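Below is one structure, written out as structure tokens; comments come after it.
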Amino acid sequence: MLNFPPWKVLSIIATVVVGLFFSLPNVIPADMRASIPVLSGMKPMTLGLDLQGGSHVLLEVDRADLNEQLSRQLIGDVRQNLREAKIKYSGLGKSDDGVSVRITDPADMERATTELRKLVIPVGTGILTGAGTSGTNVELTTSTDHIYFTFTQAGIEDKISRAIQQSLEILGKRIDALGTTEPSIQRQGVDRILIQVPGLQDPSRLKDLLGKTAKLQFRLLCETQPSAEGQRPPADCDEMAMQKEPANKMWVQTSTRATVEGGDLTDAQPGFDQRNGEAIVSFRFNQSGALRFAQLTQQNVGRPFAIVLDNEVVSAPVINEPILGGSGQISGRFSTQEANDLAIVLRSGALPAKLTIVEERTVGPSLGSDSVRAGLIASIVGLIGVMAFMVLAYGLFGIFANIGLLAHMVILVGALSALGATLTLPGIAGMVLTMGIAVDSNVLVYERIREEQRAGRSVVSSIEVGFSKALATVVDSNVTAFIAVVILFGLGSGPIRGFAVTLGIGILTTVLTAYTMTRLIIVVWMRRTRPKVVPL
């Protein structure tokens with residue numbers, strides 16, 4: 001146990017040196033790091049929302065809006081199936097909790113029921129679909145001449161789960177485009193998403209980005225337009241407000257032949273119109289979208305069409321000539337930031353469901369700096385307290401343990417920096433806790449050495465037996481603590497995971513420094529001084 005081959009000594013020293021190297025960016029100012037080539041590309045640990053301030057937003061799927069979408073989609077599917085089957089119907093529309101349709105000819109009821117039962121889709125179970133229950137998306141019931149569709153709870157929960165999964169990816173793309181550092185985007189509960197963006201002090205901009213579903217459409221304007229307030233739009237037309245002037249209304253066509261969806265966009269970038277210097281958004285379609293857009297503009301030269309974003313008309317330019325290249329631009333008296341944000345949401349894609357903000361808060365940088373100061377003071381006080389106890393309790397061996405403790409903190413900070421971990425207040429608490437765990441191993445070893453010395457063993461024998469016999473206890477205590485860390489990381493979220501990561505890495509470094517490194521220091525001391533008694 002007291003024999004250290006050269007490779008083991010070198011590996012211990014190399015680990016401490018590497019840990020020190022990765023820790024340096026946390027104590028060296030940015031301008032000084034830039035002047036040192038080996039450190040110029042390295043960054044310190046990122047501070048979390050509670051330490052540097054930022055924005056916190058909790059979003060929830062708008063169930064009413066989702067039900068509206070499902071109803072419109074189901075109505076369209078029912079209409080298409082009945083038309084293809086050449087079954088006459090009337091009264092197709094929304095009911096209290098679903099959709100209903102009346103079959104005109106009672107003789108067609110059985111055939112219509114068979115045809116529409118194809119719309120009753122099974123809902124999957126478990127991990128693959130994200131749903132927690134099984135069943136169907138809708139239930140179909142009939143009366144004498146009516147067929148009713150009722151949305152099931154399993155179907156709605158399945159849609160919400162899928163919407164949340166898609167939204168997580170889309171929101172991640174939008175926030176990444178802001179250029180922020182280490183944003184946290186995670187699911188919370190069944191129908192909510194928690195977003196934390198450290199360092200972002202403009203929550204209104206974040207809300208604008210997150211709240212837009214970004215459903216973009218290019219739709220022809222109806223031939224007739226409202227001339228007075230309160231007029232009803234004609235058949236196959238929708239009334240929509242202008243985005244910059246909500247009081248002004250426009251009628252746009254609802255026919256799919258007069259619409260090109262923004263889902264075919266491959267790119268959107270902010271820019272400026274060379275003619276008037278206004279901020280614009282340039283877009284480009286994929287092949288199928290470019291073909292449909294070319295057909296729409298070819299067949300409607302001279303007619304105005306509306307650029308619709310989230311059911312609001314952004315602008316309504318006239319088609320002066322066919323647009324055959326699959327690209328164009330959107331103008332609407334945007335500011336530079338509005339054009340940039342619109343390009344971000346268009347590039348990232350449309351959200352599958354409307355998300356509403358149920359909670360928002362902003363942590364100011366002054367509060368964050370107070371937290372950093374308090375955490376730093378707590379860490380220093382904890383470190384000094386632990387080191388003082390070890391010296392008072394074990395004298396010279398306590399100093400050896402303290403050297404191992406300092407090496408433990410250096411390696412821990414270096415490991416967190418190398419992994420790009422985000423430091424939060426719970427993370428600081430984990431670092432302080434690992435100080436006690438680190439010296440706990442030394443306490444177990446030293447007390448065993450004392451017992452062996454009382455039993456009459458020599459110095460070498462007492463130290464060797466003390467380390468070997470205490471090893472099982474040290475490993476057992478650290479393994480049980482690590483199991484708790486794994487559970488915290490697996491079941492926890494956000495700050496809990498940050499605490500678990502810090503504590504887990506601290507437990508691993510403890511075994512290296514508090515046991516192996518301290519043992520190396522004691523061996524070197526013994527070889528140099530050849531003591532007659534153990535100074536414990």
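So you can find residues: chains in the structure tokens are A, B, ... in the order shown, residues in each start at 1, and ligands are numbered from 1 in order.
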Can you list, as a PDB file with N, CA and C atoms, in the first residue's frame, every protein, DNA or RNA residue that comes within 9 Å of Thr336 in chain A when you count only C-alpha atoms, leaving out same-chain residues fewer than 3 positions away?
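The resulting file, around_14.pdb, is shown below:
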```
ATOM      1  N   PRO A 270     -32.606  38.551 -42.184  1.00  0.00           N
ATOM      2  CA  PRO A 270     -32.920  39.988 -42.173  1.00  0.00           C
ATOM      3  C   PRO A 270     -32.040  40.735 -43.156  1.00  0.00           C
ATOM      4  N   GLY A 271     -32.516  41.861 -43.633  1.00  0.00           N
ATOM      5  CA  GLY A 271     -31.732  42.675 -44.560  1.00  0.00           C
ATOM      6  C   GLY A 271     -32.375  44.036 -44.727  1.00  0.00           C
ATOM      7  N   PHE A 272     -31.950  44.761 -45.758  1.00  0.00           N
ATOM      8  CA  PHE A 272     -32.481  46.097 -46.021  1.00  0.00           C
ATOM      9  C   PHE A 272     -32.841  46.219 -47.503  1.00  0.00           C
ATOM     10  N   GLU A 278     -35.510  50.313 -46.028  1.00  0.00           N
ATOM     11  CA  GLU A 278     -36.339  49.727 -44.976  1.00  0.00           C
ATOM     12  C   GLU A 278     -35.833  48.328 -44.611  1.00  0.00           C
ATOM     13  N   ALA A 279     -36.028  47.972 -43.343  1.00  0.00           N
ATOM     14  CA  ALA A 279     -35.673  46.621 -42.901  1.00  0.00           C
ATOM     15  C   ALA A 279     -36.643  45.612 -43.496  1.00  0.00           C
ATOM     16  N   ILE A 280     -36.135  44.518 -44.022  1.00  0.00           N
ATOM     17  CA  ILE A 280     -36.958  43.481 -44.639  1.00  0.00           C
ATOM     18  C   ILE A 280     -36.477  42.118 -44.168  1.00  0.00           C
ATOM     19  N   ALA A 339     -37.171  42.814 -37.713  1.00  0.00           N
ATOM     20  CA  ALA A 339     -36.823  42.013 -38.891  1.00  0.00           C
ATOM     21  C   ALA A 339     -35.940  40.837 -38.499  1.00  0.00           C
ATOM     22  N   ASN A 340     -34.996  41.077 -37.598  1.00  0.00           N
ATOM     23  CA  ASN A 340     -34.105  40.004 -37.150  1.00  0.00           C
ATOM     24  C   ASN A 340     -34.886  38.922 -36.398  1.00  0.00           C
ATOM     25  N   ASP A 341     -35.794  39.348 -35.506  1.00  0.00           N
ATOM     26  CA  ASP A 341     -36.573  38.377 -34.736  1.00  0.00           C
ATOM     27  C   ASP A 341     -37.531  37.596 -35.624  1.00  0.00           C
TER      28      ASP A 341
END
```
Practice problem: Identify all residues of range 257-498 of chain A in strand (DSSP E or B) (DSSP on the backbone) and supply them as a PyMOL selection string. | Solution: chain A and resi 259-261+265-272+279-285+304-309+312-315+318+327-334+355-363+422-423
Could you save the residues just selected, with N, CA and C atoms, as a tab-separated table (two decimals), in the first residue's frame?
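As a result, part01.tsv now contains:
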```tsv
chain	number	residue	atom	x	y	z
A	259	THR	N	-53.23	29.52	-51.53
A	259	THR	CA	-52.38	29.62	-50.34
A	259	THR	C	-51.08	28.85	-50.53
A	260	VAL	N	-49.99	29.44	-50.09
A	260	VAL	CA	-48.70	28.75	-50.00
A	260	VAL	C	-48.27	28.82	-48.54
A	261	GLU	N	-47.93	27.67	-47.97
A	261	GLU	CA	-47.59	27.61	-46.55
A	261	GLU	C	-46.12	27.93	-46.33
A	265	LEU	N	-40.42	26.91	-46.25
A	265	LEU	CA	-39.26	27.81	-46.22
A	265	LEU	C	-38.00	27.05	-45.82
A	266	THR	N	-36.90	27.32	-46.50
A	266	THR	CA	-35.61	26.72	-46.13
A	266	THR	C	-34.70	27.73	-45.44
A	267	ASP	N	-34.97	29.03	-45.63
A	267	ASP	CA	-34.11	30.03	-45.01
A	267	ASP	C	-34.85	31.36	-44.94
A	268	ALA	N	-34.50	32.16	-43.96
A	268	ALA	CA	-35.03	33.52	-43.82
A	268	ALA	C	-33.95	34.35	-43.14
A	269	GLN	N	-33.62	35.49	-43.75
A	269	GLN	CA	-32.56	36.33	-43.24
A	269	GLN	C	-33.00	37.79	-43.22
A	270	PRO	N	-32.61	38.55	-42.18
A	270	PRO	CA	-32.92	39.99	-42.17
A	270	PRO	C	-32.04	40.74	-43.16
A	271	GLY	N	-32.52	41.86	-43.63
A	271	GLY	CA	-31.73	42.67	-44.56
A	271	GLY	C	-32.38	44.04	-44.73
A	272	PHE	N	-31.95	44.76	-45.76
A	272	PHE	CA	-32.48	46.10	-46.02
A	272	PHE	C	-32.84	46.22	-47.50
A	279	ALA	N	-36.03	47.97	-43.34
A	279	ALA	CA	-35.67	46.62	-42.90
A	279	ALA	C	-36.64	45.61	-43.50
A	280	ILE	N	-36.14	44.52	-44.02
A	280	ILE	CA	-36.96	43.48	-44.64
A	280	ILE	C	-36.48	42.12	-44.17
A	281	VAL	N	-37.23	41.09	-44.54
A	281	VAL	CA	-36.82	39.70	-44.31
A	281	VAL	C	-36.82	38.99	-45.67
A	282	SER	N	-35.68	38.51	-46.09
A	282	SER	CA	-35.58	37.75	-47.33
A	282	SER	C	-35.80	36.27	-47.03
A	283	PHE	N	-36.55	35.58	-47.90
A	283	PHE	CA	-36.86	34.17	-47.66
A	283	PHE	C	-36.58	33.36	-48.91
A	284	ARG	N	-36.45	32.04	-48.71
A	284	ARG	CA	-36.23	31.12	-49.82
A	284	ARG	C	-37.00	29.84	-49.56
A	285	PHE	N	-37.70	29.33	-50.59
A	285	PHE	CA	-38.48	28.11	-50.49
A	285	PHE	C	-37.65	26.89	-50.89
A	304	PRO	N	-53.28	41.67	-55.64
A	304	PRO	CA	-52.58	41.73	-54.36
A	304	PRO	C	-52.69	40.40	-53.61
A	305	PHE	N	-51.65	40.08	-52.87
A	305	PHE	CA	-51.73	38.89	-52.00
A	305	PHE	C	-51.20	39.28	-50.62
A	306	ALA	N	-51.69	38.56	-49.63
A	306	ALA	CA	-51.37	38.91	-48.24
A	306	ALA	C	-50.29	37.98	-47.71
A	307	ILE	N	-49.33	38.56	-47.01
A	307	ILE	CA	-48.34	37.78	-46.26
A	307	ILE	C	-48.87	37.72	-44.83
A	308	VAL	N	-49.31	36.53	-44.41
A	308	VAL	CA	-50.03	36.35	-43.15
A	308	VAL	C	-49.12	35.63	-42.15
A	309	LEU	N	-48.94	36.23	-40.99
A	309	LEU	CA	-48.15	35.63	-39.91
A	309	LEU	C	-49.03	35.55	-38.67
A	312	GLU	N	-52.40	37.33	-38.79
A	312	GLU	CA	-52.36	38.78	-38.97
A	312	GLU	C	-51.64	39.09	-40.27
A	313	VAL	N	-52.16	40.08	-41.01
A	313	VAL	CA	-51.56	40.44	-42.29
A	313	VAL	C	-50.36	41.35	-42.04
A	314	VAL	N	-49.17	40.86	-42.40
A	314	VAL	CA	-47.95	41.65	-42.24
A	314	VAL	C	-47.87	42.72	-43.32
A	315	SER	N	-48.10	42.33	-44.56
A	315	SER	CA	-48.13	43.26	-45.68
A	315	SER	C	-48.96	42.65	-46.80
A	318	VAL	N	-48.66	43.87	-54.28
A	318	VAL	CA	-49.25	43.44	-55.54
A	318	VAL	C	-48.25	42.58	-56.29
A	327	SER	N	-37.70	32.59	-54.20
A	327	SER	CA	-37.26	33.47	-53.12
A	327	SER	C	-37.99	34.80	-53.23
A	328	GLY	N	-38.00	35.54	-52.17
A	328	GLY	CA	-38.67	36.84	-52.15
A	328	GLY	C	-38.35	37.57	-50.87
A	329	GLN	N	-39.11	38.60	-50.57
A	329	GLN	CA	-38.86	39.36	-49.35
A	329	GLN	C	-40.16	39.82	-48.74
A	330	ILE	N	-40.12	39.99	-47.41
A	330	ILE	CA	-41.28	40.46	-46.65
A	330	ILE	C	-40.94	41.82	-46.09
A	331	SER	N	-41.80	42.79	-46.37
A	331	SER	CA	-41.62	44.14	-45.81
A	331	SER	C	-42.88	44.53	-45.07
A	332	GLY	N	-42.72	45.28	-44.00
A	332	GLY	CA	-43.87	45.68	-43.22
A	332	GLY	C	-43.54	46.75	-42.22
A	333	ARG	N	-42.72	47.70	-42.61
A	333	ARG	CA	-42.29	48.79	-41.71
A	333	ARG	C	-41.68	48.23	-40.43
A	334	PHE	N	-40.78	47.26	-40.60
A	334	PHE	CA	-40.12	46.63	-39.45
A	334	PHE	C	-38.99	47.52	-38.94
A	355	LEU	N	-48.51	28.71	-27.47
A	355	LEU	CA	-48.00	28.65	-26.11
A	355	LEU	C	-48.29	29.96	-25.40
A	356	THR	N	-48.86	29.87	-24.22
A	356	THR	CA	-49.16	31.07	-23.44
A	356	THR	C	-48.20	31.16	-22.26
A	357	ILE	N	-47.87	32.37	-21.87
A	357	ILE	CA	-46.95	32.60	-20.76
A	357	ILE	C	-47.74	32.61	-19.46
A	358	VAL	N	-47.41	31.69	-18.57
A	358	VAL	CA	-48.12	31.60	-17.29
A	358	VAL	C	-47.28	32.16	-16.14
A	359	GLU	N	-45.98	32.31	-16.37
A	359	GLU	CA	-45.12	32.88	-15.32
A	359	GLU	C	-43.90	33.50	-15.99
A	360	GLU	N	-43.50	34.65	-15.52
A	360	GLU	CA	-42.29	35.28	-16.03
A	360	GLU	C	-41.65	36.09	-14.91
A	361	ARG	N	-40.34	36.10	-14.92
A	361	ARG	CA	-39.62	36.95	-13.96
A	361	ARG	C	-38.22	37.22	-14.49
A	362	THR	N	-37.69	38.31	-14.06
A	362	THR	CA	-36.35	38.72	-14.47
A	362	THR	C	-35.50	38.88	-13.22
A	363	VAL	N	-34.34	38.21	-13.23
A	363	VAL	CA	-33.39	38.35	-12.13
A	363	VAL	C	-32.37	39.40	-12.53
A	422	THR	N	-22.71	24.86	-16.05
A	422	THR	CA	-23.24	26.14	-15.59
A	422	THR	C	-23.29	26.14	-14.06
A	423	LEU	N	-22.66	27.11	-13.44
A	423	LEU	CA	-22.60	27.18	-11.99
A	423	LEU	C	-23.81	27.94	-11.45
```
Applying 10 Å and only C-alpha atoms, which residues near range 469-474 of chain A remain after dropping the ones on its own chain fewer than 3 positions away? List them as a short mmCIF file (atom, residue, chain, number, x, y, z; two decimals) with N, CA and C atoms, in the first residue's frame.
```cif
data_model
loop_
_atom_site.label_atom_id
_atom_site.label_comp_id
_atom_site.auth_asym_id
_atom_site.auth_seq_id
_atom_site.Cartn_x
_atom_site.Cartn_y
_atom_site.Cartn_z
N ASP A 440 -13.64 13.74 5.08
CA ASP A 440 -14.23 12.61 5.80
C ASP A 440 -13.44 11.34 5.55
N SER A 441 -12.93 11.17 4.33
CA SER A 441 -12.11 10.00 4.02
C SER A 441 -10.82 10.01 4.84
N ASN A 442 -10.22 11.21 4.97
CA ASN A 442 -9.01 11.31 5.79
C ASN A 442 -9.28 10.99 7.25
N VAL A 443 -10.42 11.43 7.74
CA VAL A 443 -10.76 11.15 9.14
C VAL A 443 -10.85 9.64 9.38
N LEU A 444 -11.49 8.93 8.44
CA LEU A 444 -11.61 7.47 8.58
C LEU A 444 -10.23 6.81 8.61
N VAL A 445 -9.36 7.25 7.70
CA VAL A 445 -8.02 6.66 7.63
C VAL A 445 -7.22 6.99 8.89
N TYR A 446 -7.24 8.24 9.30
CA TYR A 446 -6.42 8.66 10.46
C TYR A 446 -6.87 7.98 11.74
N GLU A 447 -8.16 7.83 11.93
CA GLU A 447 -8.65 7.17 13.15
C GLU A 447 -8.24 5.70 13.16
N ARG A 448 -8.22 5.09 11.97
CA ARG A 448 -7.78 3.68 11.92
C ARG A 448 -6.27 3.57 12.22
N ILE A 449 -5.50 4.55 11.72
CA ILE A 449 -4.06 4.55 12.03
C ILE A 449 -3.84 4.69 13.53
N ILE A 463 0.48 2.84 9.46
CA ILE A 463 -0.01 3.62 8.33
C ILE A 463 -0.47 2.71 7.20
N GLU A 464 0.29 1.66 6.94
CA GLU A 464 -0.10 0.75 5.85
C GLU A 464 -1.42 0.06 6.15
N VAL A 465 -1.58 -0.48 7.35
CA VAL A 465 -2.82 -1.15 7.72
C VAL A 465 -3.97 -0.15 7.80
N GLY A 466 -3.68 1.06 8.31
CA GLY A 466 -4.73 2.08 8.40
C GLY A 466 -5.33 2.41 7.04
N SER A 477 -18.72 4.51 1.57
CA SER A 477 -19.38 5.79 1.85
C SER A 477 -19.52 6.63 0.58
N ASN A 478 -18.50 6.59 -0.28
CA ASN A 478 -18.56 7.38 -1.52
C ASN A 478 -19.51 6.76 -2.54
N VAL A 479 -19.57 5.44 -2.60
CA VAL A 479 -20.49 4.78 -3.54
C VAL A 479 -21.94 5.06 -3.16
N THR A 510 -12.70 13.28 -4.83
CA THR A 510 -12.39 12.99 -3.42
C THR A 510 -11.54 11.72 -3.30
N VAL A 511 -11.93 10.68 -4.05
CA VAL A 511 -11.20 9.42 -3.98
C VAL A 511 -9.75 9.62 -4.41
N ALA A 514 -8.26 12.89 -1.53
CA ALA A 514 -8.32 12.67 -0.08
C ALA A 514 -7.75 11.31 0.31
N TYR A 515 -7.67 10.39 -0.61
CA TYR A 515 -7.12 9.07 -0.27
C TYR A 515 -5.78 8.84 -0.96
#
```
Quiz item: Which polymer residues have any atom within 6 Å of an atom of Asn402 in chain A, counting only C-alpha atoms, with same-chain residues fewer than 3 positions away left out, as a ChimeraX atom specification?
Solution: /A:387,399,405
Self-check item: Exercise: range 203-209 of chain A partners within 10 Å, only C-alpha atoms, chain neighbours under 4 positions left out, as a PyMOL selection string
Solution: chain A and resi 54-57+59+171+174-175+178+195+197+213-214+337-338+341-342+344-345+356-357+360-362
Go ahead and dump the residues you just picked, C-alpha atoms, as an mmCIF file, in the first residue's frame.
```
data_model
loop_
_atom_site.group_PDB
_atom_site.id
_atom_site.type_symbol
_atom_site.label_atom_id
_atom_site.label_comp_id
_atom_site.auth_asym_id
_atom_site.auth_seq_id
_atom_site.Cartn_x
_atom_site.Cartn_y
_atom_site.Cartn_z
ATOM 1 C CA GLY A 54 -31.484 36.863 -16.741
ATOM 2 C CA SER A 55 -34.994 35.938 -17.827
ATOM 3 C CA HIS A 56 -37.230 33.113 -16.602
ATOM 4 C CA VAL A 57 -40.374 32.198 -18.559
ATOM 5 C CA LEU A 59 -44.965 28.479 -21.078
ATOM 6 C CA LEU A 171 -37.761 27.076 -29.097
ATOM 7 C CA ARG A 174 -34.985 30.420 -31.615
ATOM 8 C CA ILE A 175 -33.129 31.056 -28.365
ATOM 9 C CA LEU A 178 -30.183 35.144 -29.881
ATOM 10 C CA ILE A 195 -37.064 28.473 -20.163
ATOM 11 C CA VAL A 197 -31.841 32.489 -20.294
ATOM 12 C CA THR A 213 -46.355 30.357 -33.404
ATOM 13 C CA ALA A 214 -44.776 31.727 -36.633
ATOM 14 C CA GLN A 337 -34.684 44.133 -34.375
ATOM 15 C CA GLU A 338 -38.200 43.164 -35.530
ATOM 16 C CA ASP A 341 -36.573 38.377 -34.736
ATOM 17 C CA LEU A 342 -39.031 37.575 -37.547
ATOM 18 C CA ILE A 344 -35.339 33.856 -36.409
ATOM 19 C CA VAL A 345 -38.859 32.508 -35.886
ATOM 20 C CA THR A 356 -49.161 31.066 -23.438
ATOM 21 C CA ILE A 357 -46.947 32.603 -20.763
ATOM 22 C CA GLU A 360 -42.287 35.281 -16.028
ATOM 23 C CA ARG A 361 -39.621 36.951 -13.964
ATOM 24 C CA THR A 362 -36.346 38.716 -14.466
#
```
Self-check item: Leu406 in chain A environment, 12 Å, only C-alpha atoms, sequence neighbours closer than 2 positions dropped, as a count of residues only
Solution: 30
Quiz item: Looking at only C-alpha atoms, which of A:Ala64, A:Leu216, A:Asp108, A:Val533 is the one that sits closest to Ala343 in chain A?
Solution: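 Of all the options, A:Leu216 lies closest to Ala343 in chain A.
In this model, the gap between CA of Glu321 in chain A and CA of Met242 in chain A comes to 24.0 Å.
Distances from A:Thr136, A:Gln73, A:Thr144, A:Ser227 to Ala107 in chain A were compared using only C-alpha atoms, and the smallest one belongs to A:Thr144.
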Practice problem: Mind checking which residues fall within 9 Å of range 2-8 of chain A, counting only C-alpha atoms, ignoring those fewer than 5 positions away in the same chain, and posting them as a list in words? | Solution: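 Near neighbours after the sequence-gap exclusion: Ile13, Val460, Ile463, Glu464, Phe467, Arg519, Leu520, Ile522 and Val523 of chain A.
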Expected file contents, prior selection, C-alpha atoms, as a PDB file, in the first residue's frame:
```pdb
ATOM      1  CA  ILE A  13       0.717  15.186 -10.445  1.00  0.00           C
ATOM      2  CA  VAL A 460       5.066   1.870   8.786  1.00  0.00           C
ATOM      3  CA  ILE A 463      -0.005   3.622   8.325  1.00  0.00           C
ATOM      4  CA  GLU A 464      -0.104   0.750   5.850  1.00  0.00           C
ATOM      5  CA  PHE A 467      -4.958   2.906   4.698  1.00  0.00           C
ATOM      6  CA  ARG A 519      -1.222   8.765   0.955  1.00  0.00           C
ATOM      7  CA  LEU A 520       1.482   9.872  -1.506  1.00  0.00           C
ATOM      8  CA  ILE A 522       2.577  10.759   3.775  1.00  0.00           C
ATOM      9  CA  VAL A 523       4.863   8.262   1.984  1.00  0.00           C
TER      10      VAL A 523
END
```
Name the residues of range 325-408 of chain A that fall into helix (DSSP H, G or I) according to DSSP on the backbone, using the chain letters and numbers of this document, as a PDB file with C-alpha atoms, in the first residue's frame.
```
ATOM      1  CA  THR A 336     -34.055  46.253 -37.479  1.00  0.00           C
ATOM      2  CA  GLN A 337     -34.684  44.133 -34.375  1.00  0.00           C
ATOM      3  CA  GLU A 338     -38.200  43.164 -35.530  1.00  0.00           C
ATOM      4  CA  ALA A 339     -36.823  42.013 -38.891  1.00  0.00           C
ATOM      5  CA  ASN A 340     -34.105  40.004 -37.150  1.00  0.00           C
ATOM      6  CA  ASP A 341     -36.573  38.377 -34.736  1.00  0.00           C
ATOM      7  CA  LEU A 342     -39.031  37.575 -37.547  1.00  0.00           C
ATOM      8  CA  ALA A 343     -36.228  35.901 -39.506  1.00  0.00           C
ATOM      9  CA  ILE A 344     -35.339  33.856 -36.409  1.00  0.00           C
ATOM     10  CA  VAL A 345     -38.859  32.508 -35.886  1.00  0.00           C
ATOM     11  CA  LEU A 346     -39.318  31.761 -39.601  1.00  0.00           C
ATOM     12  CA  ARG A 347     -36.020  29.863 -39.789  1.00  0.00           C
ATOM     13  CA  SER A 348     -36.811  27.804 -36.711  1.00  0.00           C
ATOM     14  CA  PRO A 365     -27.555  41.473 -12.348  1.00  0.00           C
ATOM     15  CA  SER A 366     -27.230  43.191  -8.955  1.00  0.00           C
ATOM     16  CA  LEU A 367     -29.140  40.373  -7.262  1.00  0.00           C
ATOM     17  CA  GLY A 368     -26.988  37.867  -9.154  1.00  0.00           C
ATOM     18  CA  SER A 369     -23.750  39.560  -8.026  1.00  0.00           C
ATOM     19  CA  ASP A 370     -25.006  39.481  -4.424  1.00  0.00           C
ATOM     20  CA  SER A 371     -25.579  35.730  -4.808  1.00  0.00           C
ATOM     21  CA  VAL A 372     -22.074  35.248  -6.207  1.00  0.00           C
ATOM     22  CA  ARG A 373     -20.598  37.207  -3.306  1.00  0.00           C
ATOM     23  CA  ALA A 374     -22.606  35.252  -0.736  1.00  0.00           C
ATOM     24  CA  GLY A 375     -21.663  31.928  -2.342  1.00  0.00           C
ATOM     25  CA  LEU A 376     -17.994  32.884  -2.446  1.00  0.00           C
ATOM     26  CA  ILE A 377     -18.031  33.916   1.218  1.00  0.00           C
ATOM     27  CA  ALA A 378     -19.772  30.659   2.171  1.00  0.00           C
ATOM     28  CA  SER A 379     -17.182  28.631   0.251  1.00  0.00           C
ATOM     29  CA  ILE A 380     -14.227  30.451   1.840  1.00  0.00           C
ATOM     30  CA  VAL A 381     -15.694  30.188   5.344  1.00  0.00           C
ATOM     31  CA  GLY A 382     -16.427  26.499   4.819  1.00  0.00           C
ATOM     32  CA  LEU A 383     -12.937  25.825   3.473  1.00  0.00           C
ATOM     33  CA  ILE A 384     -11.225  27.685   6.331  1.00  0.00           C
ATOM     34  CA  GLY A 385     -13.426  25.959   8.918  1.00  0.00           C
ATOM     35  CA  VAL A 386     -12.714  22.465   7.561  1.00  0.00           C
ATOM     36  CA  MET A 387      -8.962  23.135   7.261  1.00  0.00           C
ATOM     37  CA  ALA A 388      -8.775  24.566  10.790  1.00  0.00           C
ATOM     38  CA  PHE A 389     -10.551  21.514  12.220  1.00  0.00           C
ATOM     39  CA  MET A 390      -8.203  19.101  10.459  1.00  0.00           C
ATOM     40  CA  VAL A 391      -5.112  20.913  11.776  1.00  0.00           C
ATOM     41  CA  LEU A 392      -6.474  21.072  15.342  1.00  0.00           C
ATOM     42  CA  ALA A 393      -7.573  17.428  15.299  1.00  0.00           C
ATOM     43  CA  TYR A 394      -4.653  15.777  13.478  1.00  0.00           C
ATOM     44  CA  LEU A 396       0.775  17.528  10.720  1.00  0.00           C
ATOM     45  CA  PHE A 397      -1.429  14.887   9.124  1.00  0.00           C
ATOM     46  CA  GLY A 398      -4.211  17.471   9.124  1.00  0.00           C
ATOM     47  CA  ILE A 399      -1.968  19.726   7.022  1.00  0.00           C
ATOM     48  CA  PHE A 400      -1.426  16.830   4.609  1.00  0.00           C
ATOM     49  CA  ALA A 401      -5.207  16.413   4.382  1.00  0.00           C
ATOM     50  CA  ASN A 402      -5.607  20.142   3.720  1.00  0.00           C
ATOM     51  CA  ILE A 403      -3.141  19.972   0.826  1.00  0.00           C
ATOM     52  CA  GLY A 404      -5.279  17.186  -0.634  1.00  0.00           C
ATOM     53  CA  LEU A 405      -8.408  19.280  -0.028  1.00  0.00           C
ATOM     54  CA  LEU A 406      -6.979  22.255  -1.950  1.00  0.00           C
ATOM     55  CA  ALA A 407      -6.009  19.921  -4.813  1.00  0.00           C
ATOM     56  CA  HIS A 408      -9.567  18.520  -4.709  1.00  0.00           C
TER      57      HIS A 408
END
```
